[in-house]
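The data block below is entry15.cif; it holds mmCIF, C-alpha atoms.
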```cif
data_data
#
loop_
_atom_site.label_atom_id
_atom_site.label_comp_id
_atom_site.auth_asym_id
_atom_site.auth_seq_id
_atom_site.Cartn_x
_atom_site.Cartn_y
_atom_site.Cartn_z
CA MET A 458 -45.69 -9.27 -13.06
CA THR A 459 -42.26 -10.88 -13.47
CA ARG A 460 -42.37 -14.65 -13.87
CA ARG A 461 -40.05 -16.60 -11.61
CA LEU A 462 -37.83 -19.39 -12.90
CA GLU A 463 -38.35 -22.68 -11.09
CA GLU A 464 -35.88 -25.51 -10.64
CA GLY A 465 -35.38 -27.92 -13.53
CA LYS A 466 -33.89 -27.87 -16.99
CA LEU A 467 -32.98 -24.63 -18.72
CA VAL A 468 -31.88 -24.39 -22.33
CA VAL A 469 -29.09 -21.95 -23.16
CA ALA A 470 -30.09 -20.93 -26.67
CA SER A 471 -26.60 -20.77 -28.14
CA HIS A 472 -24.24 -22.90 -30.23
CA ASN A 473 -21.24 -20.82 -29.10
CA PRO A 474 -19.26 -22.98 -26.63
CA GLY A 475 -17.59 -19.96 -25.00
CA LYS A 476 -20.90 -18.23 -24.40
CA VAL A 477 -22.53 -21.43 -23.11
CA ARG A 478 -19.65 -21.95 -20.64
CA GLU A 479 -19.91 -18.39 -19.38
CA ILE A 480 -23.69 -18.55 -18.91
CA ALA A 481 -23.47 -21.96 -17.22
CA HIS A 482 -20.87 -20.52 -14.83
CA LEU A 483 -23.16 -17.62 -13.95
CA LEU A 484 -26.06 -20.04 -13.37
CA ALA A 485 -23.99 -22.42 -11.22
CA PRO A 486 -25.34 -21.14 -7.85
CA PHE A 487 -28.90 -22.05 -8.85
CA ARG A 488 -30.47 -25.49 -8.94
CA LEU A 489 -30.87 -25.72 -12.69
CA GLU A 490 -29.82 -28.39 -15.16
CA VAL A 491 -28.31 -26.37 -17.98
CA VAL A 492 -28.32 -27.77 -21.51
CA SER A 493 -27.36 -25.94 -24.68
CA ALA A 494 -29.26 -25.63 -27.94
CA GLY A 495 -26.34 -27.47 -29.51
CA ASP A 496 -26.71 -30.36 -27.03
CA LEU A 497 -30.36 -30.68 -28.08
CA ASP A 498 -29.52 -30.30 -31.78
CA LEU A 499 -31.86 -27.32 -32.09
CA ALA A 500 -31.65 -25.24 -35.24
CA GLU A 501 -30.11 -21.78 -35.00
CA PRO A 502 -32.72 -19.18 -35.97
CA GLU A 503 -31.64 -16.38 -38.27
CA GLU A 504 -30.95 -13.22 -36.26
CA THR A 505 -33.14 -10.79 -38.17
CA GLY A 506 -33.61 -8.20 -35.42
CA ASP A 507 -31.95 -4.80 -35.50
CA THR A 508 -31.57 -4.54 -31.72
CA PHE A 509 -30.00 -6.74 -29.07
CA ARG A 510 -33.42 -7.19 -27.50
CA ALA A 511 -35.09 -8.35 -30.69
CA ASN A 512 -32.43 -10.96 -31.42
CA ALA A 513 -32.24 -12.25 -27.82
CA GLU A 514 -36.02 -12.65 -27.64
CA LEU A 515 -36.16 -14.31 -31.05
CA LYS A 516 -33.52 -16.91 -30.08
CA ALA A 517 -34.93 -17.59 -26.61
CA LEU A 518 -38.48 -18.07 -27.85
CA ALA A 519 -37.40 -20.36 -30.71
CA ALA A 520 -35.45 -22.58 -28.31
CA ALA A 521 -38.25 -22.64 -25.71
CA GLN A 522 -40.90 -23.62 -28.22
CA ALA A 523 -38.69 -26.22 -29.93
CA SER A 524 -37.61 -27.85 -26.65
CA GLY A 525 -40.72 -27.40 -24.50
CA LEU A 526 -38.44 -25.97 -21.77
CA PRO A 527 -37.61 -22.48 -20.50
CA ALA A 528 -34.78 -21.05 -22.59
CA LEU A 529 -32.27 -18.30 -22.02
CA ALA A 530 -30.64 -16.42 -24.88
CA ASP A 531 -28.31 -13.51 -25.03
CA ASP A 532 -27.49 -11.26 -27.90
CA SER A 533 -24.36 -9.35 -27.13
CA GLY A 534 -21.87 -7.28 -29.02
CA LEU A 535 -19.16 -4.69 -29.04
CA CYS A 536 -20.16 -1.13 -29.83
CA VAL A 537 -17.38 1.25 -30.90
CA ASN A 538 -18.24 4.91 -30.40
CA ALA A 539 -16.07 6.10 -33.30
CA LEU A 540 -17.93 3.70 -35.61
CA ASN A 541 -21.36 4.93 -34.51
CA GLY A 542 -21.94 1.78 -32.46
CA ALA A 543 -20.67 -0.77 -34.99
CA PRO A 544 -20.24 -3.70 -35.10
CA GLY A 545 -23.02 -3.80 -32.47
CA VAL A 546 -25.70 -6.38 -33.28
CA HIS A 547 -23.52 -7.53 -36.19
CA SER A 548 -20.53 -8.38 -33.96
CA ALA A 549 -20.71 -12.12 -34.65
CA ARG A 550 -21.28 -11.57 -38.37
CA TRP A 551 -18.04 -9.61 -38.60
CA ALA A 552 -16.32 -12.90 -37.75
CA GLY A 553 -17.81 -14.55 -40.83
CA PRO A 554 -19.57 -17.91 -41.18
CA THR A 555 -16.70 -19.74 -39.46
CA ARG A 556 -16.76 -17.39 -36.43
CA ASP A 557 -13.14 -16.39 -37.01
CA PHE A 558 -12.71 -13.66 -34.41
CA ASP A 559 -9.04 -13.14 -35.30
CA PHE A 560 -10.41 -11.98 -38.65
CA ALA A 561 -13.03 -9.79 -36.91
CA LEU A 562 -10.41 -8.13 -34.68
CA GLU A 563 -8.21 -7.35 -37.65
CA LYS A 564 -11.19 -6.07 -39.65
CA LEU A 565 -12.04 -3.72 -36.79
CA ARG A 566 -8.44 -2.51 -36.42
CA ARG A 567 -8.03 -1.87 -40.15
CA GLY A 568 -11.39 -0.15 -40.37
CA MET A 569 -10.46 2.31 -37.66
CA ILE A 570 -7.01 3.00 -39.14
CA GLU A 571 -8.37 3.52 -42.65
CA ALA A 572 -11.01 5.90 -41.33
CA GLY A 573 -8.38 7.81 -39.33
CA LEU A 574 -10.24 7.22 -36.09
CA SER A 575 -8.38 7.75 -32.83
CA ASP A 576 -11.26 7.47 -30.32
CA THR A 577 -10.88 3.97 -28.85
CA SER A 578 -13.79 4.18 -26.40
CA ALA A 579 -16.24 1.31 -26.70
CA TYR A 580 -18.76 -0.67 -24.73
CA PHE A 581 -20.17 -4.18 -24.61
CA VAL A 582 -23.93 -4.73 -24.42
CA CYS A 583 -25.69 -7.93 -23.41
CA GLY A 584 -29.39 -8.37 -24.06
CA LEU A 585 -30.65 -11.34 -22.04
CA ALA A 586 -34.04 -12.92 -22.78
CA LEU A 587 -35.69 -15.68 -20.76
CA ALA A 588 -38.58 -17.34 -22.60
CA TRP A 589 -41.12 -20.03 -21.79
CA PRO A 590 -42.85 -22.34 -24.30
CA ASP A 591 -46.15 -20.45 -23.83
CA GLY A 592 -44.53 -17.32 -25.26
CA HIS A 593 -43.88 -15.39 -22.04
CA ILE A 594 -40.57 -13.47 -22.12
CA GLU A 595 -38.57 -11.56 -19.54
CA TYR A 596 -35.82 -9.23 -20.82
CA PHE A 597 -32.77 -7.64 -19.16
CA GLU A 598 -29.91 -5.58 -20.58
CA GLY A 599 -26.39 -5.03 -19.23
CA ARG A 600 -23.51 -2.82 -20.31
CA VAL A 601 -19.83 -2.28 -19.54
CA ASP A 602 -17.74 0.63 -20.86
CA GLY A 603 -14.06 0.60 -21.70
CA GLU A 604 -11.32 1.14 -24.29
CA LEU A 605 -9.98 -0.86 -27.20
CA THR A 606 -6.33 -1.88 -27.38
CA TRP A 607 -4.08 -3.58 -29.93
CA PRO A 608 -2.47 -6.01 -30.33
CA PRO A 609 -4.97 -8.44 -28.76
CA ARG A 610 -3.97 -9.63 -25.29
CA GLY A 611 -4.91 -12.79 -23.43
CA GLU A 612 -6.20 -16.26 -24.17
CA ASN A 613 -9.19 -16.24 -21.82
CA GLY A 614 -12.71 -15.28 -22.81
CA PHE A 615 -13.82 -15.27 -26.43
CA GLY A 616 -14.83 -12.98 -29.26
CA TYR A 617 -13.63 -9.39 -28.82
CA ASP A 618 -12.43 -9.93 -25.23
CA PRO A 619 -8.68 -9.71 -26.06
CA ILE A 620 -8.95 -6.07 -27.25
CA PHE A 621 -11.32 -4.68 -24.59
CA ILE A 622 -10.11 -3.08 -21.35
CA PRO A 623 -13.00 -2.22 -19.01
CA ASP A 624 -12.89 1.22 -17.39
CA GLY A 625 -10.82 1.30 -14.22
CA HIS A 626 -8.74 -1.76 -15.13
CA GLU A 627 -5.48 -2.53 -16.93
CA LEU A 628 -6.16 -6.07 -18.11
CA THR A 629 -8.27 -6.96 -21.12
CA PHE A 630 -11.20 -9.30 -20.70
CA GLY A 631 -9.00 -11.82 -22.52
CA GLU A 632 -6.37 -11.58 -19.78
CA MET A 633 -8.75 -11.71 -16.81
CA GLU A 634 -9.60 -14.87 -14.92
CA ALA A 635 -13.22 -15.90 -15.37
CA GLN A 636 -14.21 -14.91 -11.83
CA ALA A 637 -12.86 -11.38 -12.28
CA LYS A 638 -14.60 -10.90 -15.62
CA HIS A 639 -17.87 -12.28 -14.30
CA ARG A 640 -17.94 -9.67 -11.55
CA MET A 641 -18.03 -6.77 -14.00
CA SER A 642 -18.99 -7.86 -17.50
CA HIS A 643 -22.02 -6.77 -19.51
CA ARG A 644 -23.33 -10.34 -19.20
CA ALA A 645 -22.86 -10.27 -15.43
CA ASP A 646 -24.74 -6.95 -15.26
CA ALA A 647 -27.69 -8.43 -17.17
CA PHE A 648 -27.55 -11.59 -15.03
CA ARG A 649 -27.72 -9.60 -11.80
CA GLN A 650 -30.93 -8.04 -13.06
CA LEU A 651 -32.33 -11.44 -14.08
CA VAL A 652 -31.43 -13.02 -10.72
CA ASP A 653 -33.02 -10.15 -8.78
CA ALA A 654 -36.19 -10.42 -10.84
CA CYS A 655 -36.59 -14.17 -11.40
CA PHE A 656 -34.71 -15.73 -8.48
CA GLY A 657 -35.16 -12.91 -5.99
CA LYS A 658 -35.94 -13.67 -2.40
#
```
Rewrite the structure of this file - the entire thing - as structure tokens.
Amino acid sequence: MTRRLEEGKLVVASHNPGKVREIAHLLAPFRLEVVSAGDLDLAEPEETGDTFRANAELKALAAAQASGLPALADDSGLCVNALNGAPGVHSARWAGPTRDFDFALEKLRRGMIEAGLSDTSAYFVCGLALAWPDGHIEYFEGRVDGELTWPPRGENGFGYDPIFIPDGHELTFGEMEAQAKHRMSHRADAFRQLVDACFGK
């Protein structure tokens, strides 16, 4: 049976300010006090999983057990069809230890050119794990399909957003206002599932 999330504090198990802001925005309608793992000075666990689910659950459980509070973690990434799903779960690692996503975008562009790849179809995946200190975990996964474009466009969002145009749209995630992105993103898709399951009427 799905466990419901009660009012109170919730830890967002991330040290990425952009991701924390986006998750806090999605949680705004609910009576939760959102704090980040960074706010609580929690250590970042090594992401050793080979799936979005494994990494999301690992991060959520580590934060829940370290804080004694429910914790929400997402593991998300860009999957390029021409690259057999890469960078995928390694999306953040492509940006290096300093999280330089300008470097990651250029690495992706050069990799596709050098391989002679013309298929620009791609998709974002968000694995969302909600964990409690007793070890209980709920998991949800969202996806949005689209195309890659260069040069990068837009200053909104973060990560690979400036090169991703969701299907049926002309703007990149980097050009969209937050409200527009949050209606269609992979994270929003996963959140809808979480809300239905854990906050449902």
Applying 12 Å and all atoms listed in the file, which residues near Glu627 of chain A remain after dropping the ones on its own chain fewer than 5 positions away? List them as a list of chain:residue names. A:Gly603, A:Glu604, A:Leu605, A:Thr606, A:Arg610, A:Ile620, A:Phe621, A:Ile622, A:Glu632, A:Met633
Find the residues around Cys655 of chain A up to 12 Å (all atoms listed in the file counted), leave out those fewer than 6 positions away in its own chain, and share them as an MDAnalysis selection string. chainID A and resid 458:464 487 586:588 594:597 648:649
Starting from the displayed file, determine the output of the PyMOL selection byres ((chain A and resi 533) around 10) and express the residue list as a PyMOL selection string. chain A and resi 476+508-510+512-513+530-532+534-536+545-549+581-585+598-600+643-644
Evaluate the PyMOL selection byres ((chain A and resi 527) around 9) on the structure here and hand back the selected residues as a PyMOL selection string. chain A and resi 462+466-469+517-518+520-522+524-526+528-529+587-590
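In terms of minimum interatomic distance to Phe560 of chain A, A:Gly616 ranks closest within A:Gly616, A:Val477, A:Phe656, A:Ser493, counting only C-alpha atoms.
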Hey, what comes out of the PyMOL selection byres ((chain A and resi 611) around 8) on this file? Could you write it as a ChimeraX atom specification? /A:609-610,612-613,619,629-633
Residue subset to file, keeping C-alpha atoms, as a PDB file, in the coordinates of the input:
```
ATOM      1  CA  PRO A 609      -4.970  -8.440 -28.760  1.00  0.00           C
ATOM      2  CA  ARG A 610      -3.970  -9.630 -25.290  1.00  0.00           C
ATOM      3  CA  GLU A 612      -6.200 -16.260 -24.170  1.00  0.00           C
ATOM      4  CA  ASN A 613      -9.190 -16.240 -21.820  1.00  0.00           C
ATOM      5  CA  PRO A 619      -8.680  -9.710 -26.060  1.00  0.00           C
ATOM      6  CA  THR A 629      -8.270  -6.960 -21.120  1.00  0.00           C
ATOM      7  CA  PHE A 630     -11.200  -9.300 -20.700  1.00  0.00           C
ATOM      8  CA  GLY A 631      -9.000 -11.820 -22.520  1.00  0.00           C
ATOM      9  CA  GLU A 632      -6.370 -11.580 -19.780  1.00  0.00           C
ATOM     10  CA  MET A 633      -8.750 -11.710 -16.810  1.00  0.00           C
TER      11      MET A 633
END
```
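For the choices A:Glu563, A:Pro554, A:Leu489, A:Lys516, the atom-to-atom distance to Pro502 of chain A is smallest for A:Lys516 when using only C-alpha atoms.
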